[in-house]
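Data file: model35.txt. Format and content: compact mmCIF, C-alpha atoms and all ligand atoms.
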# COMPACT_ATOMS: atom_id res chain seq x y z
CA MET A 39 148.82 139.18 66.34
CA ALA A 40 146.04 136.94 67.64
CA LEU A 41 144.02 137.96 70.68
CA PRO A 42 145.03 136.27 73.96
CA ALA A 43 143.12 133.00 74.45
CA LEU A 44 141.39 134.51 77.49
CA LEU A 45 139.48 136.67 75.02
CA SER A 46 139.41 134.79 71.74
CA ASP A 47 137.81 131.70 73.28
CA ALA A 48 135.33 133.33 75.62
CA LEU A 49 133.57 136.08 73.72
CA ALA A 50 130.23 135.72 71.95
CA LEU A 51 130.82 139.12 70.32
CA PRO A 52 134.11 141.06 69.89
CA VAL A 53 133.19 143.66 72.51
CA ILE A 54 134.41 145.08 75.80
CA ALA A 55 131.68 146.95 77.67
CA SER A 56 133.62 149.95 78.93
CA PRO A 57 133.88 151.09 82.57
CA MET A 58 131.69 154.08 83.45
CA PHE A 59 131.96 156.14 86.61
CA ILE A 60 128.87 155.62 88.85
CA VAL A 61 127.02 153.74 86.04
CA SER A 62 128.89 150.39 86.07
CA GLY A 63 128.37 148.06 89.01
CA PRO A 64 128.11 144.31 89.63
CA GLU A 65 124.58 143.92 88.15
CA LEU A 66 125.68 145.41 84.82
CA VAL A 67 129.04 143.63 84.71
CA ILE A 68 127.61 140.19 85.54
CA GLN A 69 124.99 140.44 82.80
CA GLN A 70 127.56 141.66 80.26
CA CYS A 71 129.89 138.72 81.01
CA LEU A 72 127.07 136.16 81.12
CA ASN A 73 126.03 137.32 77.66
CA GLY A 74 129.52 136.97 76.21
CA VAL A 75 131.05 140.46 76.25
CA VAL A 76 133.73 141.65 78.69
CA GLY A 77 132.07 143.59 81.51
CA SER A 78 134.02 146.21 83.41
CA PHE A 79 133.72 148.81 86.18
CA PRO A 80 135.93 151.51 87.69
CA ALA A 81 137.38 150.33 91.04
CA LEU A 82 136.38 153.73 92.45
CA ASN A 83 132.68 152.86 91.95
CA ALA A 84 133.00 150.43 94.86
CA ARG A 85 132.80 152.68 97.93
CA PRO A 86 134.26 152.55 100.50
CA ALA A 87 137.36 150.71 99.23
CA GLU A 88 136.42 147.59 101.24
CA GLN A 89 133.40 147.16 98.93
CA LEU A 90 135.74 146.24 96.06
CA ASP A 91 136.55 142.93 97.72
CA LEU A 92 132.82 142.17 98.09
CA TRP A 93 132.03 143.16 94.48
CA LEU A 94 134.81 140.95 93.12
CA THR A 95 133.75 138.01 95.31
CA ARG A 96 130.18 138.34 94.04
CA ILE A 97 131.10 138.73 90.36
CA LYS A 98 133.42 135.72 90.43
CA ALA A 99 130.89 133.56 92.29
CA GLU A 100 127.99 134.34 89.93
CA LEU A 101 130.08 133.77 86.80
CA ALA A 102 131.49 130.51 88.19
CA GLN A 103 128.00 129.33 89.13
CA ALA A 104 126.72 129.97 85.59
CA LYS A 105 129.71 128.17 84.09
CA ALA A 106 129.16 125.16 86.36
CA ALA A 107 125.50 125.04 85.35
CA ASP A 108 126.37 125.15 81.63
CA PRO A 109 130.04 124.43 80.87
CA THR A 110 129.56 125.08 77.12
CA ARG A 111 128.24 128.62 77.65
CA LYS A 112 130.52 131.45 76.49
CA ILE A 113 131.08 133.55 79.59
CA ALA A 114 133.39 136.51 79.11
CA PRO A 115 136.10 137.53 81.59
CA PHE A 116 135.60 140.77 83.55
CA ALA A 117 137.79 143.84 83.92
CA VAL A 118 138.48 146.47 86.58
CA ASN A 119 139.39 150.04 85.64
CA GLN A 120 142.15 151.80 87.60
CA ILE A 121 142.72 155.54 87.37
CA VAL A 122 146.51 155.98 87.43
CA HIS A 123 146.85 159.51 88.79
CA THR A 124 148.22 161.11 91.95
CA SER A 125 144.66 162.14 92.87
CA ASN A 126 143.71 158.43 93.22
CA ASP A 127 144.89 157.60 96.73
CA ARG A 128 143.23 154.17 96.56
CA LEU A 129 145.29 152.84 93.65
CA GLN A 130 147.69 150.69 95.66
CA GLN A 131 145.03 149.25 97.95
CA ASP A 132 142.67 148.57 95.01
CA MET A 133 145.45 146.85 93.06
CA GLU A 134 146.22 144.64 96.06
CA THR A 135 142.54 143.60 96.08
CA CYS A 136 142.67 142.93 92.31
CA VAL A 137 145.83 140.82 92.72
CA LYS A 138 144.15 138.85 95.53
CA HIS A 139 141.20 138.09 93.24
CA GLU A 140 143.38 137.64 90.13
CA VAL A 141 141.16 139.99 88.13
CA PRO A 142 141.53 138.78 84.51
CA ILE A 143 141.85 142.23 82.87
CA ILE A 144 142.89 145.61 84.30
CA ILE A 145 141.96 148.68 82.27
CA THR A 146 144.15 151.67 83.08
CA SER A 147 143.43 155.33 82.38
CA LEU A 148 145.49 158.55 82.41
CA ARG A 149 149.18 157.97 83.35
CA ALA A 150 151.45 155.20 82.02
CA PRO A 151 150.64 152.23 84.27
CA ASN A 152 154.10 150.81 85.16
CA GLU A 153 153.32 149.46 88.66
CA VAL A 154 149.90 148.19 87.62
CA VAL A 155 151.43 146.18 84.76
CA LYS A 156 153.90 144.57 87.15
CA ALA A 157 151.16 143.66 89.64
CA ALA A 158 148.75 142.27 87.00
CA HIS A 159 151.45 140.26 85.22
CA SER A 160 152.44 138.65 88.54
CA TYR A 161 149.34 136.40 88.31
CA GLY A 162 148.92 136.34 84.50
CA GLY A 163 146.40 139.20 84.23
CA LEU A 164 146.20 141.43 81.14
CA VAL A 165 146.49 145.22 81.13
CA PHE A 166 144.79 147.39 78.52
CA HIS A 167 145.53 151.11 78.65
CA ASP A 168 143.27 153.78 77.18
CA VAL A 169 144.82 156.55 75.08
CA THR A 170 143.75 159.36 72.80
CA THR A 171 147.09 160.13 71.12
CA ILE A 172 150.07 158.37 69.52
CA ARG A 173 152.45 159.72 72.18
CA HIS A 174 150.42 158.16 74.99
CA ALA A 175 150.10 154.90 73.03
CA GLN A 176 153.88 154.68 72.77
CA LYS A 177 154.37 155.46 76.46
CA ALA A 178 151.87 152.76 77.44
CA LEU A 179 153.63 150.18 75.27
CA GLU A 180 156.94 151.14 76.89
CA ALA A 181 155.28 150.44 80.25
CA GLY A 182 154.54 146.91 79.02
CA VAL A 183 150.75 146.96 78.53
CA ASP A 184 149.14 144.05 76.67
CA GLY A 185 146.81 146.12 74.52
CA LEU A 186 145.70 149.64 73.68
CA ILE A 187 142.24 151.13 73.91
CA LEU A 188 141.97 153.94 71.38
CA VAL A 189 139.47 156.52 72.59
CA CYS A 190 138.47 158.45 69.48
CA ALA A 191 136.20 161.35 68.63
CA GLY A 192 132.60 161.03 69.81
CA ALA A 193 133.26 158.70 72.76
CA GLY A 194 131.38 159.20 76.02
CA GLY A 195 133.29 160.67 78.96
CA HIS A 196 136.85 161.89 78.43
CA ALA A 197 137.11 161.44 74.66
CA GLY A 198 139.82 162.18 72.15
CA THR A 199 139.45 164.23 69.00
CA LEU A 200 141.11 161.99 66.42
CA SER A 201 139.23 160.09 63.74
CA PRO A 202 139.35 156.33 64.36
CA PHE A 203 140.64 155.87 60.79
CA ALA A 204 143.64 158.03 61.58
CA LEU A 205 144.40 156.69 65.07
CA VAL A 206 143.91 152.97 64.36
CA GLY A 207 145.92 153.28 61.14
CA GLU A 208 148.85 155.06 62.79
CA VAL A 209 148.94 152.77 65.84
CA ARG A 210 148.89 149.68 63.60
CA ARG A 211 152.18 150.88 62.07
CA PHE A 212 154.05 150.13 65.30
CA HIS A 213 151.77 147.83 67.34
CA ASP A 214 150.52 144.44 66.19
CA GLY A 215 148.99 143.46 69.56
CA PRO A 216 145.39 143.94 70.66
CA ILE A 217 143.66 147.19 69.71
CA ILE A 218 140.31 148.02 71.22
CA LEU A 219 138.46 150.88 69.56
CA SER A 220 136.04 153.28 71.18
CA GLY A 221 133.90 156.22 70.19
CA ALA A 222 130.16 156.16 69.39
CA ILE A 223 129.98 152.43 68.72
CA ALA A 224 126.41 151.29 69.42
CA THR A 225 125.40 148.95 66.59
CA GLY A 226 126.51 145.59 65.19
CA SER A 227 127.65 147.21 61.95
CA ALA A 228 129.84 149.65 63.90
CA ILE A 229 131.48 146.70 65.70
CA LEU A 230 132.21 145.11 62.32
CA SER A 231 133.58 148.44 61.03
CA ALA A 232 135.98 148.61 63.97
CA GLN A 233 137.37 145.22 62.98
CA ALA A 234 137.52 146.14 59.29
CA MET A 235 139.56 149.19 60.24
CA GLY A 236 142.16 147.06 62.03
CA ALA A 237 140.91 146.93 65.62
CA ASP A 238 140.36 143.59 67.38
CA LEU A 239 137.53 144.57 69.69
CA ALA A 240 134.97 147.34 70.03
CA TYR A 241 134.70 149.25 73.33
CA ILE A 242 131.13 150.30 74.09
CA GLY A 243 129.92 152.58 76.88
CA THR A 244 126.93 154.80 76.18
CA ARG A 245 124.73 151.99 74.71
CA PHE A 246 124.86 150.27 78.12
CA ILE A 247 123.74 153.34 80.10
CA ALA A 248 120.25 152.83 78.67
CA THR A 249 119.80 149.33 80.10
CA LYS A 250 117.80 148.05 83.06
CA GLU A 251 120.94 147.00 84.96
CA ALA A 252 122.88 150.29 84.64
CA ASN A 253 123.24 152.32 87.84
CA ALA A 254 121.84 155.52 86.34
CA ALA A 255 118.78 157.62 87.21
CA ASP A 256 115.71 157.01 85.04
CA ALA A 257 115.89 160.63 83.86
CA TYR A 258 119.47 159.99 82.63
CA LYS A 259 118.40 156.84 80.76
CA ASP A 260 115.43 158.72 79.26
CA MET A 261 117.76 161.51 78.13
CA ILE A 262 120.02 159.00 76.36
CA VAL A 263 116.96 157.63 74.56
CA GLY A 264 115.57 161.06 73.72
CA THR A 265 118.65 162.87 72.38
CA SER A 266 120.88 162.74 69.30
CA ALA A 267 124.47 163.58 68.34
CA SER A 268 123.77 167.31 68.13
CA ASP A 269 122.88 167.26 71.86
CA ILE A 270 126.42 166.25 72.88
CA VAL A 271 128.72 169.00 74.18
CA TYR A 272 132.51 168.52 74.20
CA THR A 273 134.10 170.62 76.91
CA PRO A 274 136.91 170.58 79.49
CA TYR A 275 134.78 172.75 81.81
CA PHE A 276 133.48 170.10 84.20
CA THR A 277 136.61 168.12 85.07
CA GLY A 278 139.55 169.97 83.51
CA VAL A 279 139.86 167.30 80.80
CA PRO A 280 137.75 167.56 77.60
CA GLY A 281 134.77 165.23 77.66
CA ASN A 282 131.38 164.63 76.04
CA TYR A 283 128.21 165.43 78.01
CA LEU A 284 124.46 165.62 77.42
CA LYS A 285 123.44 169.22 76.70
CA PRO A 286 120.03 169.03 78.45
CA SER A 287 121.74 167.92 81.69
CA ILE A 288 123.94 171.04 81.55
CA VAL A 289 120.91 173.26 80.95
CA ALA A 290 119.11 171.58 83.88
CA GLN A 291 121.91 172.82 86.17
CA GLY A 292 121.27 176.42 85.07
CA LEU A 293 124.34 176.62 82.81
CA ASN A 294 124.51 177.79 79.20
CA PRO A 295 126.20 174.96 77.23
CA ASP A 296 127.08 177.40 74.44
CA ASP A 297 128.83 179.81 76.76
CA LEU A 298 130.66 177.84 79.45
CA PRO A 299 133.45 179.72 81.24
CA HIS A 300 137.03 178.56 80.76
CA ALA A 301 137.97 175.48 82.78
CA ASP A 302 140.14 175.86 85.84
CA LYS A 303 142.38 172.80 85.53
CA THR A 304 143.82 173.24 89.01
CA LYS A 305 140.46 173.13 90.76
CA MET A 306 138.83 170.35 88.72
CA SER A 307 135.52 171.94 89.77
CA PHE A 308 132.83 173.95 88.07
CA GLY A 309 130.46 176.87 88.19
CA SER A 310 127.16 176.08 89.84
CA GLY A 311 128.70 175.09 93.17
CA THR A 312 126.35 172.21 93.98
CA ALA A 313 126.18 170.18 90.75
CA LYS A 314 128.80 167.51 90.11
CA ALA A 315 130.20 166.10 86.87
CA TRP A 316 128.90 162.55 86.27
CA ARG A 317 126.33 162.71 89.09
CA ASP A 318 124.43 165.76 87.78
CA ILE A 319 126.14 166.55 84.48
CA TRP A 320 125.67 163.38 82.49
CA GLY A 321 128.38 161.90 80.31
CA SER A 322 127.47 160.42 76.94
CA GLY A 323 128.97 159.65 73.55
CA GLN A 324 127.69 160.79 70.17
CA ALA A 325 125.89 157.50 69.49
CA VAL A 326 122.84 158.60 71.52
CA GLY A 327 120.85 159.19 68.34
CA LEU A 328 121.02 155.43 67.67
CA ILE A 329 119.63 154.42 71.07
CA ASP A 330 115.83 154.21 71.23
CA ASP A 331 115.04 152.10 74.27
CA CYS A 332 116.18 150.86 77.65
CA PRO A 333 116.01 147.03 77.63
CA PRO A 334 117.88 144.49 79.76
CA VAL A 335 121.58 143.96 78.88
CA ALA A 336 120.82 140.49 77.44
CA GLU A 337 118.52 142.07 74.86
CA VAL A 338 121.05 144.73 73.85
CA ILE A 339 123.74 142.09 73.32
CA ALA A 340 121.39 139.76 71.41
CA ARG A 341 120.49 142.68 69.14
CA LEU A 342 124.13 143.68 68.60
CA THR A 343 124.96 140.04 67.78
CA SER A 344 122.24 139.76 65.17
CA GLU A 345 123.08 143.19 63.65
CA TYR A 346 126.75 142.16 63.51
CA ALA A 347 125.93 138.91 61.65
CA GLN A 348 123.60 140.75 59.25
CA ALA A 349 126.18 143.45 58.53
CA LYS A 350 128.82 140.80 57.83
CA ALA A 351 126.53 138.88 55.48
CA ALA A 352 125.48 142.06 53.67
CA LEU A 353 129.10 143.14 53.21
CA CYS A 354 130.18 139.73 51.92
CA ALA A 355 127.23 139.70 49.50
CA ARG A 356 128.30 142.98 47.90
C1 LIG B 1 129.07 158.26 81.98
C2 LIG B 1 130.43 157.81 81.59
C3 LIG B 1 131.37 157.58 82.58
C4 LIG B 1 132.67 157.13 82.22
N1 LIG B 1 133.56 156.86 83.22
C5 LIG B 1 134.77 156.33 82.90
C6 LIG B 1 135.68 155.92 83.92
O1 LIG B 1 135.42 156.02 85.11
N2 LIG B 1 136.87 155.38 83.54
C7 LIG B 1 137.21 155.22 82.21
O2 LIG B 1 138.29 154.72 81.90
N3 LIG B 1 136.36 155.61 81.23
C8 LIG B 1 135.15 156.13 81.54
N4 LIG B 1 134.27 156.49 80.55
C9 LIG B 1 134.66 156.30 79.14
C10 LIG B 1 134.26 154.90 78.67
O3 LIG B 1 134.99 153.92 79.37
C11 LIG B 1 134.46 154.72 77.14
O4 LIG B 1 135.70 155.20 76.73
C12 LIG B 1 133.39 155.42 76.34
O5 LIG B 1 132.14 155.32 76.99
C13 LIG B 1 133.25 154.80 74.96
O6 LIG B 1 132.49 155.61 74.11
P1 LIG B 1 130.90 155.45 73.91
O7 LIG B 1 130.29 155.90 75.20
O8 LIG B 1 130.64 156.39 72.80
O9 LIG B 1 130.57 154.03 73.62
C14 LIG B 1 132.99 156.95 80.86
C15 LIG B 1 132.02 157.19 79.88
C16 LIG B 1 130.76 157.60 80.23
C17 LIG B 1 129.73 157.81 79.16
What would the structure in this file look like if it were written as structure tokens?
Ligand SMILES: Cc1cc2nc3c(=O)[nH]c(=O)nc-3n(C[C@H](O)[C@H](O)[C@H](O)COP(=O)(O)O)c2cc1C
Amino acid sequence: MALPALLSDALALPVIASPMFIVSGPELVIQQCLNGVVGSFPALNARPAEQLDLWLTRIKAELAQAKAADPTRKIAPFAVNQIVHTSNDRLQQDMETCVKHEVPIIITSLRAPNEVVKAAHSYGGLVFHDVTTIRHAQKALEAGVDGLILVCAGAGGHAGTLSPFALVGEVRRFHDGPIILSGAIATGSAILSAQAMGADLAYIGTRFIATKEANAADAYKDMIVGTSASDIVYTPYFTGVPGNYLKPSIVAQGLNPDDLPHADKTKMSFGSGTAKAWRDIWGSGQAVGLIDDCPPVAEVIARLTSEYAQAKAALCAR
């Protein structure tokens, strides 16, 4: 099935820049959209909740201004990520703000997003739900989502364990709508591979942490640049849900990454008492070994675009 026109006509590259807790804010999202890839942020990054209205007003105004200045420019739509879980007491209020602003794409995580789908469809918005298993993919489709984000092994943050070959292949047996693939995608050839495998779009997080516009400490950005796949630790210890984190950031908090105690799912907390997941323990996918610098977003996207074209030409020439 073809991608919705909202996406097929507006993207310079088949990419959604994924939402990242703390890291993604208006500066990052605006640059991603202006350079032709969907930019996104978790609603919870806008604090207090009233900030969400201001962020959305600013993002829409800056994108509209750029479009007015150059109507032929490909400017991608933006997305807001909603955590669908009882622990998110802002969900209803944040969705009301998204409906008011007619946010083009809502990305949902965790539970099946029934109410969110209803609210987004009321104004013609799209809902993409992220999943790590077939069972969750089926539940999300039953809830009426417009597309599935498959979070595979090696992705930053709360990642799955399945190979993308297995998960994309199985999901394609019962879903011919949009599939967005994630997990250690950080190069143009990886974007092309995602499409060759049967996905429509690549979903990229970690590559955008090491950019000028990301809301991350310099030490975090330097760690992304200075580490490789073997420095990524997959553990449920920090949040109760298995995720990928940078080993040196765990060591810096006085913890032994090779001997973390068992997670206490009920507390969603962890050992050192003062350190916090995401703020002090830094999330990252396995693609860190492919990231060597921290340029502006525009440069990252220009590079991905040229790598993508080169990979396509090289493959066709074989
Ligand atoms: C630091 C960090 C924070 C993240 N926070 C969120 C989040 O708040 N909501 C969400 O749906 N996904 C979150 N993710 C997961 C990403 O949206 C995405 O699935 C992942 O980054 C893709 O894999 P990659 O980092 O290997 O490109 C986060 C990932 C990272 C690295």
6 Å shell around ligand LIG 1 (chain B) using only C-alpha atoms and all ligand atoms, listed as a ChimeraX atom specification: /A:56-59,80,147,189,192-195,220-223,241-244,321-325
Residue contacts of stretch 335-349 of chain A (10 Å, all atoms listed in the file) excluding same-chain residues fewer than 2 positions away, as an NGL selection string: :A and (50-53 or 65-75 or 224-231 or 245-252 or 331-333 or 351-355)
message: Report, in Å with one decimal, the straight-line distance from atom CA of A:Gly162 to atom CA of A:Ala107.
response: 26.0 Å
- request: Find the residues near stretch 179-181 of chain A: any atom within 8 Å, counting all atoms listed in the file, skip ones fewer than 2 places away on the same chain, and give them as number ranges by chain.
  value: A: 150-152, 155, 175-177, 183-185
May I have the residues from that selection written out with C-alpha atoms, as a PDB file, in the coordinates of the input?
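Here's the written file part_8.pdb:
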ATOM      1  CA  ALA A 150     151.450 155.200  82.020  1.00  0.00           C
ATOM      2  CA  PRO A 151     150.640 152.230  84.270  1.00  0.00           C
ATOM      3  CA  ASN A 152     154.100 150.810  85.160  1.00  0.00           C
ATOM      4  CA  VAL A 155     151.430 146.180  84.760  1.00  0.00           C
ATOM      5  CA  ALA A 175     150.100 154.900  73.030  1.00  0.00           C
ATOM      6  CA  GLN A 176     153.880 154.680  72.770  1.00  0.00           C
ATOM      7  CA  LYS A 177     154.370 155.460  76.460  1.00  0.00           C
ATOM      8  CA  VAL A 183     150.750 146.960  78.530  1.00  0.00           C
ATOM      9  CA  ASP A 184     149.140 144.050  76.670  1.00  0.00           C
ATOM     10  CA  GLY A 185     146.810 146.120  74.520  1.00  0.00           C
TER      11      GLY A 185
END
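Take atom CA of A:Tyr161 and atom CA of A:Glu140: the distance between them is 6.4 Å.
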query: What is the distance, in Å and to one decimal place, between atom CA of A:Asn282 and atom CA of A:Ile262?
result: 12.7 Å
Once you add 6 Å to each side, what are the centre and edge lengths of the axis-aligned box holding all listed atoms of stretch 101-107 of chain A? One decimal in Å, as JSON, if you can.
{"center_x": 128.5, "center_y": 129.4, "center_z": 86.6, "size_x": 18.0, "size_y": 20.7, "size_z": 17.0}
message: Can you tell me which residues surround A:Ala254 at a distance of at most 10 Å, considering only C-alpha atoms, apart from same-chain residues fewer than 5 positions away, and format the answer as a list in words?
response: Ile60, Val61, Ser62, Ile247, Ala248, Thr249, Lys259, Trp316, Arg317 and Trp320 of chain A
